[in-house]
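As stored in start_2.cif (mmCIF, C-alpha atoms):
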```cif
data_target
#
loop_
_atom_site.group_PDB
_atom_site.id
_atom_site.type_symbol
_atom_site.label_atom_id
_atom_site.label_comp_id
_atom_site.auth_asym_id
_atom_site.auth_seq_id
_atom_site.Cartn_x
_atom_site.Cartn_y
_atom_site.Cartn_z
ATOM 1 C CA ARG A 1349 114.558 103.220 106.470
ATOM 2 C CA PRO A 1350 112.588 105.920 108.247
ATOM 3 C CA ASP A 1351 114.702 108.276 110.314
ATOM 4 C CA ALA A 1352 113.239 109.035 113.752
ATOM 5 C CA SER A 1353 115.011 112.409 113.922
ATOM 6 C CA VAL A 1354 113.401 113.489 110.630
ATOM 7 C CA PHE A 1355 110.009 112.390 111.951
ATOM 8 C CA ASP A 1356 110.559 114.372 115.166
ATOM 9 C CA GLU A 1357 111.515 117.450 113.138
ATOM 10 C CA LEU A 1358 108.459 117.025 110.908
ATOM 11 C CA ARG A 1359 106.230 116.652 113.941
ATOM 12 C CA GLY A 1360 107.717 119.857 115.376
ATOM 13 C CA VAL A 1361 106.868 121.791 112.199
ATOM 14 C CA ALA A 1362 103.318 120.436 112.300
ATOM 15 C CA GLN A 1363 102.923 121.303 115.985
ATOM 16 C CA LEU A 1364 104.050 124.887 115.386
ATOM 17 C CA GLY A 1365 101.227 125.061 112.860
ATOM 18 C CA HIS A 1366 102.451 128.085 110.888
ATOM 19 C CA TRP A 1367 100.011 127.556 108.049
ATOM 20 C CA GLY A 1368 97.462 129.896 106.572
ATOM 21 C CA GLY A 1369 96.869 133.574 106.603
ATOM 22 C CA ALA A 1370 96.065 135.023 103.211
ATOM 23 C CA TYR A 1371 94.566 132.618 100.692
ATOM 24 C CA GLY A 1372 97.295 130.522 99.135
ATOM 25 C CA SER A 1373 99.947 131.475 101.702
ATOM 26 C CA GLY A 1374 100.474 127.856 102.809
ATOM 27 C CA TRP A 1375 103.200 126.816 105.236
ATOM 28 C CA GLU A 1376 105.345 129.689 106.588
ATOM 29 C CA ASN A 1377 103.857 131.940 103.855
ATOM 30 C CA THR A 1378 105.811 130.040 101.199
ATOM 31 C CA GLY A 1379 102.764 129.245 99.064
ATOM 32 C CA ILE A 1380 103.493 125.552 99.562
ATOM 33 C CA GLY A 1381 100.355 123.887 100.839
ATOM 34 C CA GLY A 1382 98.124 126.838 99.986
ATOM 35 C CA TRP A 1383 95.470 124.537 98.498
ATOM 36 C CA TRP A 1384 92.597 122.303 99.581
ATOM 37 C CA GLY A 1385 94.099 119.853 102.090
ATOM 38 C CA GLY A 1386 97.338 121.843 102.244
ATOM 39 C CA ALA A 1387 97.203 122.186 106.035
ATOM 40 C CA THR A 1388 97.372 118.392 106.226
ATOM 41 C CA ILE A 1389 100.104 115.961 105.246
ATOM 42 C CA GLN A 1390 99.355 116.868 101.600
ATOM 43 C CA GLY A 1391 100.932 120.274 102.102
ATOM 44 C CA LEU A 1392 103.169 119.605 105.089
ATOM 45 C CA LEU A 1393 105.387 117.039 103.341
ATOM 46 C CA PRO A 1394 106.037 119.129 100.205
ATOM 47 C CA TYR A 1395 106.864 122.146 102.408
ATOM 48 C CA PHE A 1396 109.087 120.165 104.776
ATOM 49 C CA PHE A 1397 111.150 118.520 102.046
ATOM 50 C CA ALA A 1398 111.382 121.662 99.907
ATOM 51 C CA LYS A 1399 112.204 124.169 102.655
ATOM 52 C CA VAL A 1400 113.221 122.448 105.899
ATOM 53 C CA ARG A 1401 115.092 119.414 104.539
ATOM 54 C CA PRO A 1402 115.768 120.189 100.873
ATOM 55 C CA GLY A 1403 117.332 117.308 99.003
ATOM 56 C CA ALA A 1404 116.397 114.772 101.697
ATOM 57 C CA ALA A 1405 113.577 113.231 99.686
ATOM 58 C CA ARG A 1406 112.915 112.198 96.155
ATOM 59 C CA GLU A 1407 109.804 112.731 94.127
ATOM 60 C CA VAL A 1408 107.868 109.657 93.067
ATOM 61 C CA ASP A 1409 105.244 109.081 90.393
ATOM 62 C CA ARG A 1410 101.991 110.468 91.789
ATOM 63 C CA CYS A 1411 100.016 108.037 89.636
ATOM 64 C CA VAL A 1412 101.659 105.132 91.471
ATOM 65 C CA TYR A 1413 101.981 106.515 95.020
ATOM 66 C CA ASP A 1414 99.013 108.919 95.320
ATOM 67 C CA ASN A 1415 96.657 108.031 92.502
ATOM 68 C CA MET A 1416 93.481 110.109 92.640
ATOM 69 C CA VAL A 1417 92.264 108.900 89.216
ATOM 70 C CA GLU A 1418 91.897 112.541 88.231
ATOM 71 C CA GLY A 1419 91.852 113.899 84.712
ATOM 72 C CA PRO A 1420 95.022 114.877 82.892
ATOM 73 C CA ILE A 1421 97.353 117.435 84.439
ATOM 74 C CA THR A 1422 99.098 119.278 81.636
ATOM 75 C CA ASP A 1423 99.628 122.890 82.718
ATOM 76 C CA PRO A 1424 102.257 122.547 83.979
ATOM 77 C CA PRO A 1425 102.871 118.879 83.261
ATOM 78 C CA PRO A 1426 104.082 116.775 86.204
ATOM 79 C CA ARG A 1427 107.852 116.740 86.662
ATOM 80 C CA LEU A 1428 107.761 112.990 87.093
ATOM 81 C CA GLY A 1429 105.330 110.315 85.983
ATOM 82 C CA ARG A 1430 102.231 110.387 83.882
ATOM 83 C CA GLU A 1431 99.857 113.199 83.009
ATOM 84 C CA ARG A 1432 96.904 110.806 83.112
ATOM 85 C CA CYS A 1433 96.591 108.807 86.326
ATOM 86 C CA ARG A 1434 93.407 107.212 85.003
ATOM 87 C CA ALA A 1435 95.566 105.328 82.500
ATOM 88 C CA THR A 1436 97.687 103.697 85.217
ATOM 89 C CA PRO A 1437 97.204 99.918 85.311
ATOM 90 C CA LEU A 1438 95.697 98.802 88.620
ATOM 91 C CA ALA A 1439 98.651 96.487 89.263
ATOM 92 C CA GLU A 1440 101.001 99.511 89.298
ATOM 93 C CA VAL A 1441 99.022 101.580 91.844
ATOM 94 C CA ARG A 1442 100.565 101.359 95.317
ATOM 95 C CA LEU A 1443 98.507 104.053 97.074
ATOM 96 C CA ALA A 1444 95.042 105.325 96.220
ATOM 97 C CA HIS A 1445 93.829 108.766 97.253
ATOM 98 C CA PHE A 1446 90.041 108.605 97.478
ATOM 99 C CA THR A 1447 89.099 112.168 96.567
ATOM 100 C CA VAL A 1448 88.052 112.059 92.923
ATOM 101 C CA CYS A 1449 86.893 108.430 93.254
ATOM 102 C CA GLN A 1450 85.022 109.325 96.453
ATOM 103 C CA LYS A 1451 85.457 107.507 99.740
ATOM 104 C CA PRO A 1452 84.517 103.807 99.575
ATOM 105 C CA TRP A 1453 82.056 104.256 102.441
ATOM 106 C CA SER A 1454 80.130 106.782 100.332
ATOM 107 C CA CYS A 1455 79.049 103.765 98.221
ATOM 108 C CA LYS A 1456 79.312 105.959 95.124
ATOM 109 C CA PRO A 1457 82.547 105.360 93.210
ATOM 110 C CA ASN A 1458 83.153 107.943 90.515
ATOM 111 C CA ARG A 1459 82.140 106.461 87.168
ATOM 112 C CA ASP A 1460 83.548 109.190 84.930
ATOM 113 C CA ARG A 1461 83.311 108.371 81.219
ATOM 114 C CA ASP A 1462 87.008 109.221 80.888
ATOM 115 C CA ASP A 1463 87.891 106.417 83.336
ATOM 116 C CA ALA A 1464 87.719 103.764 80.631
ATOM 117 C CA GLY A 1465 89.614 101.245 82.760
ATOM 118 C CA ARG A 1466 87.134 101.746 85.617
ATOM 119 C CA LEU A 1467 90.049 102.365 87.971
ATOM 120 C CA CYS A 1468 87.837 103.983 90.643
ATOM 121 C CA VAL A 1469 85.553 100.957 90.772
ATOM 122 C CA ALA A 1470 88.580 98.621 90.946
ATOM 123 C CA LEU A 1471 90.191 100.650 93.769
ATOM 124 C CA HIS A 1472 86.934 100.579 95.739
ATOM 125 C CA ALA A 1473 86.807 96.790 95.301
ATOM 126 C CA LEU A 1474 90.361 96.489 96.664
ATOM 127 C CA TRP A 1475 89.465 98.677 99.639
ATOM 128 C CA PHE A 1476 86.487 96.452 100.453
ATOM 129 C CA ASP A 1477 88.699 93.356 100.069
ATOM 130 C CA ALA A 1478 91.084 94.869 102.649
ATOM 131 C CA ARG A 1479 88.122 95.543 104.930
ATOM 132 C CA ARG A 1480 87.000 91.888 104.657
ATOM 133 C CA ARG A 1481 90.527 90.681 105.440
ATOM 134 C CA PHE A 1482 90.560 92.935 108.498
ATOM 135 C CA GLU A 1483 87.183 91.653 109.703
ATOM 136 C CA THR A 1484 88.206 88.024 109.183
ATOM 137 C CA SER A 1485 91.601 88.498 110.877
ATOM 138 C CA ARG A 1486 89.839 89.914 113.936
ATOM 139 C CA GLY A 1487 87.207 87.180 114.099
ATOM 140 C CA LEU A 1488 84.491 89.671 113.207
ATOM 141 C CA SER A 1489 81.523 88.898 111.035
ATOM 142 C CA ALA A 1490 82.595 89.908 107.512
ATOM 143 C CA VAL A 1491 80.020 91.773 105.448
ATOM 144 C CA ASP A 1492 80.119 90.498 101.877
ATOM 145 C CA ARG A 1493 78.769 93.663 100.241
ATOM 146 C CA PRO A 1494 78.793 96.664 102.643
ATOM 147 C CA CYS A 1495 77.195 98.907 99.994
ATOM 148 C CA ARG A 1496 74.548 96.518 98.677
ATOM 149 C CA THR A 1497 71.629 98.882 99.300
ATOM 150 C CA GLY A 1498 73.611 102.040 98.531
ATOM 151 C CA LYS A 1499 74.009 102.713 102.236
ATOM 152 C CA TYR A 1500 77.276 101.779 103.943
ATOM 153 C CA VAL A 1501 77.206 99.047 106.575
ATOM 154 C CA PRO A 1502 79.957 99.814 109.113
ATOM 155 C CA ILE A 1503 82.134 97.148 110.697
ATOM 156 C CA ALA A 1504 80.240 95.542 113.571
ATOM 157 C CA PHE A 1505 82.576 95.737 116.556
ATOM 158 C CA PRO A 1506 81.182 93.930 119.599
ATOM 159 C CA ALA A 1507 81.261 95.804 122.895
ATOM 160 C CA SER A 1508 83.888 93.366 124.159
ATOM 161 C CA TYR A 1509 86.193 93.914 121.136
ATOM 162 C CA ASP A 1510 89.944 93.939 121.974
ATOM 163 C CA SER A 1511 91.341 96.848 119.983
ATOM 164 C CA SER A 1512 95.000 96.099 120.659
ATOM 165 C CA VAL A 1513 97.049 96.665 117.519
ATOM 166 C CA ARG A 1514 97.971 93.627 115.463
ATOM 167 C CA GLU A 1515 99.225 93.391 111.912
ATOM 168 C CA VAL A 1516 96.702 92.612 109.179
ATOM 169 C CA ARG A 1517 97.843 90.911 105.956
#
```
Would you encode the structure as structure tokens?
Amino acid sequence: RPDASVFDELRGVAQLGHWGGAYGSGWENTGIGGWWGGATIQGLLPYFFAKVRPGAAREVDRCVYDNMVEGPITDPPPRLGRERCRATPLAEVRLAHFTVCQKPWSCKPNRDRDDAGRLCVALHALWFDARRRFETSRGLSAVDRPCRTGKYVPIAFPASYDSSVREVR
């Protein structure tokens, strides 16, 4: 279960904002998070659990819990999980990271020849399925194909829309 005190401590580190400086310096000049997106959660969590709360987290397979459908990572190889996230069966992916695949609303899923399983296209389809479920659950008019013309059609929220938070399944 999530621990509220750990969250509060993590939030405090983020609010201090000691990231940056020389290229690659990352969080607190440790080098952790000194990469594209490293000032965000992508660098904050590795720093926090390596330096602030070492041993309080466990590494998971990036191809399951942060699949970017990128090419093989071999130098150095990942400590845990696969080298080739593109080879991960769709049914095993729990979290997609839409960087290499491109954002679904770009209407241009990456169609790299090396993605033989067309994982990017499949992940985009799942994202649009989730969008349709959201629209339907809120009584909104669901758009069957938001990228039909190559241009994204945003969700049509009426002016009177009640934005109170409710769970979507």
Legend entry - For Gly1385 of chain A: contacts at 12 Å, only C-alpha atoms, fewer than 5 positions along chain excluded, given as a ChimeraX atom specification: /A:1367-1368,1372,1374-1375,1380,1390-1393,1447
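Closest approach to Arg1496 of chain A from the set A:Cys1468, A:Cys1455, A:Val1448, A:Cys1411 is made by A:Cys1455, with distances taken over only C-alpha atoms.
If you count all atoms listed in the file and ignore residues fewer than 3 places along the chain from segment 1498-1509 of chain A, what sits within 10 Å of it is Pro1452, Trp1453, Ser1454, Cys1455, Lys1456, Arg1479, Arg1480, Phe1482, Glu1483, Arg1486, Gly1487, Leu1488, Ser1489, Ala1490, Val1491, Arg1493, Pro1494, Cys1495 and Ser1512 of chain A.
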Let me see the file: selected residues, C-alpha atoms, as a PDB file, keeping the file's coordinate frame.
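The new file out-v7.pdb reads:
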```pdb
ATOM      1  CA  PRO A1452      84.517 103.807  99.575  1.00  0.00           C
ATOM      2  CA  TRP A1453      82.056 104.256 102.441  1.00  0.00           C
ATOM      3  CA  SER A1454      80.130 106.782 100.332  1.00  0.00           C
ATOM      4  CA  CYS A1455      79.049 103.765  98.221  1.00  0.00           C
ATOM      5  CA  LYS A1456      79.312 105.959  95.124  1.00  0.00           C
ATOM      6  CA  ARG A1479      88.122  95.543 104.930  1.00  0.00           C
ATOM      7  CA  ARG A1480      87.000  91.888 104.657  1.00  0.00           C
ATOM      8  CA  PHE A1482      90.560  92.935 108.498  1.00  0.00           C
ATOM      9  CA  GLU A1483      87.183  91.653 109.703  1.00  0.00           C
ATOM     10  CA  ARG A1486      89.839  89.914 113.936  1.00  0.00           C
ATOM     11  CA  GLY A1487      87.207  87.180 114.099  1.00  0.00           C
ATOM     12  CA  LEU A1488      84.491  89.671 113.207  1.00  0.00           C
ATOM     13  CA  SER A1489      81.523  88.898 111.035  1.00  0.00           C
ATOM     14  CA  ALA A1490      82.595  89.908 107.512  1.00  0.00           C
ATOM     15  CA  VAL A1491      80.020  91.773 105.448  1.00  0.00           C
ATOM     16  CA  ARG A1493      78.769  93.663 100.241  1.00  0.00           C
ATOM     17  CA  PRO A1494      78.793  96.664 102.643  1.00  0.00           C
ATOM     18  CA  CYS A1495      77.195  98.907  99.994  1.00  0.00           C
ATOM     19  CA  SER A1512      95.000  96.099 120.659  1.00  0.00           C
TER      20      SER A1512
END
```
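In terms of minimum interatomic distance to Val1400 of chain A, A:Glu1357 ranks closest within A:Glu1357, A:Asp1351, A:Glu1440, A:Glu1418, counting all atoms listed in the file.
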Inset, instruction - Quote the spacing between atom CA of His1445 of chain A and atom CA of Arg1349 of chain A in Å to one decimal place. - result: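 Value for the atom CA of His1445 of chain A-atom CA of Arg1349 of chain A distance: 23.4 Å.
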Inset, instruction - Name the residues captured by the PyMOL selection byres ((chain A and resi 1446) around 10) when it is applied to the shown file; answer as a ChimeraX atom specification. - result: /A:1414-1417,1443-1445,1447-1452,1457-1458,1468,1471-1472
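In this structure, atom CA of Leu1438 of chain A sits 6.7 Å away from atom CA of Leu1467 of chain A.
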Inset, instruction - Measure the distance from atom CA of Leu1358 of chain A to atom CA of Ala1405 of chain A in Å and round it to one decimal. - result: 12.9 Å
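With distances taken over all atoms listed in the file, A:Arg1434 is the one residue among A:Arg1442, A:Arg1434, A:Arg1406, A:Arg1359 lying closest to Asp1460 of chain A.
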Axis-aligned box for segment 1395-1409 of chain A, 4 Å per side, centre and edges in Å as JSON:
```
{"center_x": 111.3, "center_y": 116.6, "center_z": 98.1, "size_x": 20.1, "size_y": 23.1, "size_z": 23.5}
```
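Of the residues listed (A:Arg1461, A:Gly1382, A:Gly1419, A:Phe1355), A:Phe1355 shows the shortest atom-to-atom separation from Phe1396 of chain A; distances use only C-alpha atoms.
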Filtering to C-alpha atoms, could segment 1377-1482 of chain A of the supplied structure be written out as a PDB file, in the first residue's frame?
```pdb
ATOM      1  CA  ASN A1377      24.274  16.864  -8.516  1.00  0.00           C
ATOM      2  CA  THR A1378      24.174  13.068  -8.274  1.00  0.00           C
ATOM      3  CA  GLY A1379      23.875  12.513 -12.026  1.00  0.00           C
ATOM      4  CA  ILE A1380      20.561  10.766 -11.411  1.00  0.00           C
ATOM      5  CA  GLY A1381      17.950  12.369 -13.615  1.00  0.00           C
ATOM      6  CA  GLY A1382      20.496  14.194 -15.759  1.00  0.00           C
ATOM      7  CA  TRP A1383      18.665  13.211 -18.958  1.00  0.00           C
ATOM      8  CA  TRP A1384      15.693  14.274 -21.068  1.00  0.00           C
ATOM      9  CA  GLY A1385      12.702  14.260 -18.701  1.00  0.00           C
ATOM     10  CA  GLY A1386      14.972  13.830 -15.677  1.00  0.00           C
ATOM     11  CA  ALA A1387      13.539  16.875 -13.893  1.00  0.00           C
ATOM     12  CA  THR A1388      10.171  15.110 -13.923  1.00  0.00           C
ATOM     13  CA  ILE A1389       8.995  11.942 -12.215  1.00  0.00           C
ATOM     14  CA  GLN A1390      11.291  10.017 -14.604  1.00  0.00           C
ATOM     15  CA  GLY A1391      14.332  11.299 -12.747  1.00  0.00           C
ATOM     16  CA  LEU A1392      12.818  12.157  -9.379  1.00  0.00           C
ATOM     17  CA  LEU A1393      11.776   8.592  -8.507  1.00  0.00           C
ATOM     18  CA  PRO A1394      15.134   6.967  -9.347  1.00  0.00           C
ATOM     19  CA  TYR A1395      16.930   9.673  -7.326  1.00  0.00           C
ATOM     20  CA  PHE A1396      14.546   9.446  -4.370  1.00  0.00           C
ATOM     21  CA  PHE A1397      14.722   5.667  -4.052  1.00  0.00           C
ATOM     22  CA  ALA A1398      18.472   5.484  -4.686  1.00  0.00           C
ATOM     23  CA  LYS A1399      19.577   8.352  -2.435  1.00  0.00           C
ATOM     24  CA  VAL A1400      16.802   9.461  -0.071  1.00  0.00           C
ATOM     25  CA  ARG A1401      15.112   6.120   0.659  1.00  0.00           C
ATOM     26  CA  PRO A1402      17.565   3.455  -0.514  1.00  0.00           C
ATOM     27  CA  GLY A1403      16.182  -0.049  -0.291  1.00  0.00           C
ATOM     28  CA  ALA A1404      12.579   1.165   0.052  1.00  0.00           C
ATOM     29  CA  ALA A1405      11.616   0.238  -3.495  1.00  0.00           C
ATOM     30  CA  ARG A1406      12.181  -2.576  -5.890  1.00  0.00           C
ATOM     31  CA  GLU A1407      12.982  -2.382  -9.550  1.00  0.00           C
ATOM     32  CA  VAL A1408      10.416  -3.752 -11.970  1.00  0.00           C
ATOM     33  CA  ASP A1409      10.629  -4.797 -15.607  1.00  0.00           C
ATOM     34  CA  ARG A1410      10.609  -1.581 -17.634  1.00  0.00           C
ATOM     35  CA  CYS A1411       9.089  -3.435 -20.583  1.00  0.00           C
ATOM     36  CA  VAL A1412       6.030  -4.235 -18.459  1.00  0.00           C
ATOM     37  CA  TYR A1413       5.700  -1.080 -16.324  1.00  0.00           C
ATOM     38  CA  ASP A1414       7.114   1.679 -18.575  1.00  0.00           C
ATOM     39  CA  ASN A1415       7.169   0.252 -22.073  1.00  0.00           C
ATOM     40  CA  MET A1416       8.333   2.830 -24.607  1.00  0.00           C
ATOM     41  CA  VAL A1417       8.593   0.269 -27.443  1.00  0.00           C
ATOM     42  CA  GLU A1418      12.148   1.461 -27.989  1.00  0.00           C
ATOM     43  CA  GLY A1419      14.910  -0.478 -29.673  1.00  0.00           C
ATOM     44  CA  PRO A1420      17.173  -2.831 -27.758  1.00  0.00           C
ATOM     45  CA  ILE A1421      19.143  -1.532 -24.792  1.00  0.00           C
ATOM     46  CA  THR A1422      22.338  -3.538 -24.537  1.00  0.00           C
ATOM     47  CA  ASP A1423      25.104  -1.239 -23.285  1.00  0.00           C
ATOM     48  CA  PRO A1424      24.725  -1.688 -20.409  1.00  0.00           C
ATOM     49  CA  PRO A1425      21.958  -4.274 -20.494  1.00  0.00           C
ATOM     50  CA  PRO A1426      19.021  -3.663 -18.138  1.00  0.00           C
ATOM     51  CA  ARG A1427      19.483  -5.090 -14.649  1.00  0.00           C
ATOM     52  CA  LEU A1428      15.997  -6.535 -14.782  1.00  0.00           C
ATOM     53  CA  GLY A1429      13.709  -7.520 -17.627  1.00  0.00           C
ATOM     54  CA  ARG A1430      14.143  -7.607 -21.346  1.00  0.00           C
ATOM     55  CA  GLU A1431      16.551  -5.798 -23.633  1.00  0.00           C
ATOM     56  CA  ARG A1432      13.867  -5.503 -26.310  1.00  0.00           C
ATOM     57  CA  CYS A1433      10.616  -3.933 -25.133  1.00  0.00           C
ATOM     58  CA  ARG A1434       9.227  -4.206 -28.658  1.00  0.00           C
ATOM     59  CA  ALA A1435       9.110  -7.976 -28.162  1.00  0.00           C
ATOM     60  CA  THR A1436       6.856  -7.729 -25.096  1.00  0.00           C
ATOM     61  CA  PRO A1437       3.424  -9.255 -25.737  1.00  0.00           C
ATOM     62  CA  LEU A1438       0.679  -6.635 -25.483  1.00  0.00           C
ATOM     63  CA  ALA A1439      -1.084  -8.643 -22.772  1.00  0.00           C
ATOM     64  CA  GLU A1440       1.977  -8.252 -20.505  1.00  0.00           C
ATOM     65  CA  VAL A1441       2.270  -4.444 -20.811  1.00  0.00           C
ATOM     66  CA  ARG A1442       0.800  -2.686 -17.770  1.00  0.00           C
ATOM     67  CA  LEU A1443       1.979   0.872 -18.491  1.00  0.00           C
ATOM     68  CA  ALA A1444       2.832   2.460 -21.824  1.00  0.00           C
ATOM     69  CA  HIS A1445       5.147   5.450 -22.118  1.00  0.00           C
ATOM     70  CA  PHE A1446       4.202   7.298 -25.299  1.00  0.00           C
ATOM     71  CA  THR A1447       7.549   8.776 -26.311  1.00  0.00           C
ATOM     72  CA  VAL A1448       8.900   6.501 -29.030  1.00  0.00           C
ATOM     73  CA  CYS A1449       5.367   5.537 -30.128  1.00  0.00           C
ATOM     74  CA  GLN A1450       4.361   9.214 -30.101  1.00  0.00           C
ATOM     75  CA  LYS A1451       1.374  10.579 -28.227  1.00  0.00           C
ATOM     76  CA  PRO A1452      -1.958   9.110 -29.386  1.00  0.00           C
ATOM     77  CA  TRP A1453      -3.313  12.599 -30.066  1.00  0.00           C
ATOM     78  CA  SER A1454      -0.515  13.144 -32.598  1.00  0.00           C
ATOM     79  CA  CYS A1455      -2.400  10.623 -34.794  1.00  0.00           C
ATOM     80  CA  LYS A1456       0.959   9.256 -35.943  1.00  0.00           C
ATOM     81  CA  PRO A1457       1.899   6.043 -34.132  1.00  0.00           C
ATOM     82  CA  ASN A1458       5.481   5.004 -34.757  1.00  0.00           C
ATOM     83  CA  ARG A1459       5.506   2.273 -37.397  1.00  0.00           C
ATOM     84  CA  ASP A1460       9.158   1.271 -37.091  1.00  0.00           C
ATOM     85  CA  ARG A1461      10.070  -1.771 -39.191  1.00  0.00           C
ATOM     86  CA  ASP A1462      11.648  -3.324 -36.094  1.00  0.00           C
ATOM     87  CA  ASP A1463       8.260  -3.266 -34.317  1.00  0.00           C
ATOM     88  CA  ALA A1464       7.129  -6.475 -35.993  1.00  0.00           C
ATOM     89  CA  GLY A1465       4.322  -6.987 -33.478  1.00  0.00           C
ATOM     90  CA  ARG A1466       3.013  -3.471 -34.176  1.00  0.00           C
ATOM     91  CA  LEU A1467       3.034  -2.777 -30.442  1.00  0.00           C
ATOM     92  CA  CYS A1468       2.834   1.015 -30.920  1.00  0.00           C
ATOM     93  CA  VAL A1469      -0.291   0.714 -33.049  1.00  0.00           C
ATOM     94  CA  ALA A1470      -1.847  -1.688 -30.508  1.00  0.00           C
ATOM     95  CA  LEU A1471      -1.048   0.639 -27.571  1.00  0.00           C
ATOM     96  CA  HIS A1472      -2.602   3.582 -29.422  1.00  0.00           C
ATOM     97  CA  ALA A1473      -5.737   1.489 -30.019  1.00  0.00           C
ATOM     98  CA  LEU A1474      -5.954   0.707 -26.287  1.00  0.00           C
ATOM     99  CA  TRP A1475      -5.549   4.388 -25.435  1.00  0.00           C
ATOM    100  CA  PHE A1476      -8.411   5.304 -27.769  1.00  0.00           C
ATOM    101  CA  ASP A1477     -10.532   2.499 -26.264  1.00  0.00           C
ATOM    102  CA  ALA A1478      -9.930   4.037 -22.814  1.00  0.00           C
ATOM    103  CA  ARG A1479     -10.919   7.433 -24.202  1.00  0.00           C
ATOM    104  CA  ARG A1480     -14.196   5.990 -25.569  1.00  0.00           C
ATOM    105  CA  ARG A1481     -14.948   4.352 -22.213  1.00  0.00           C
ATOM    106  CA  PHE A1482     -14.350   7.695 -20.510  1.00  0.00           C
TER     107      PHE A1482
END
```
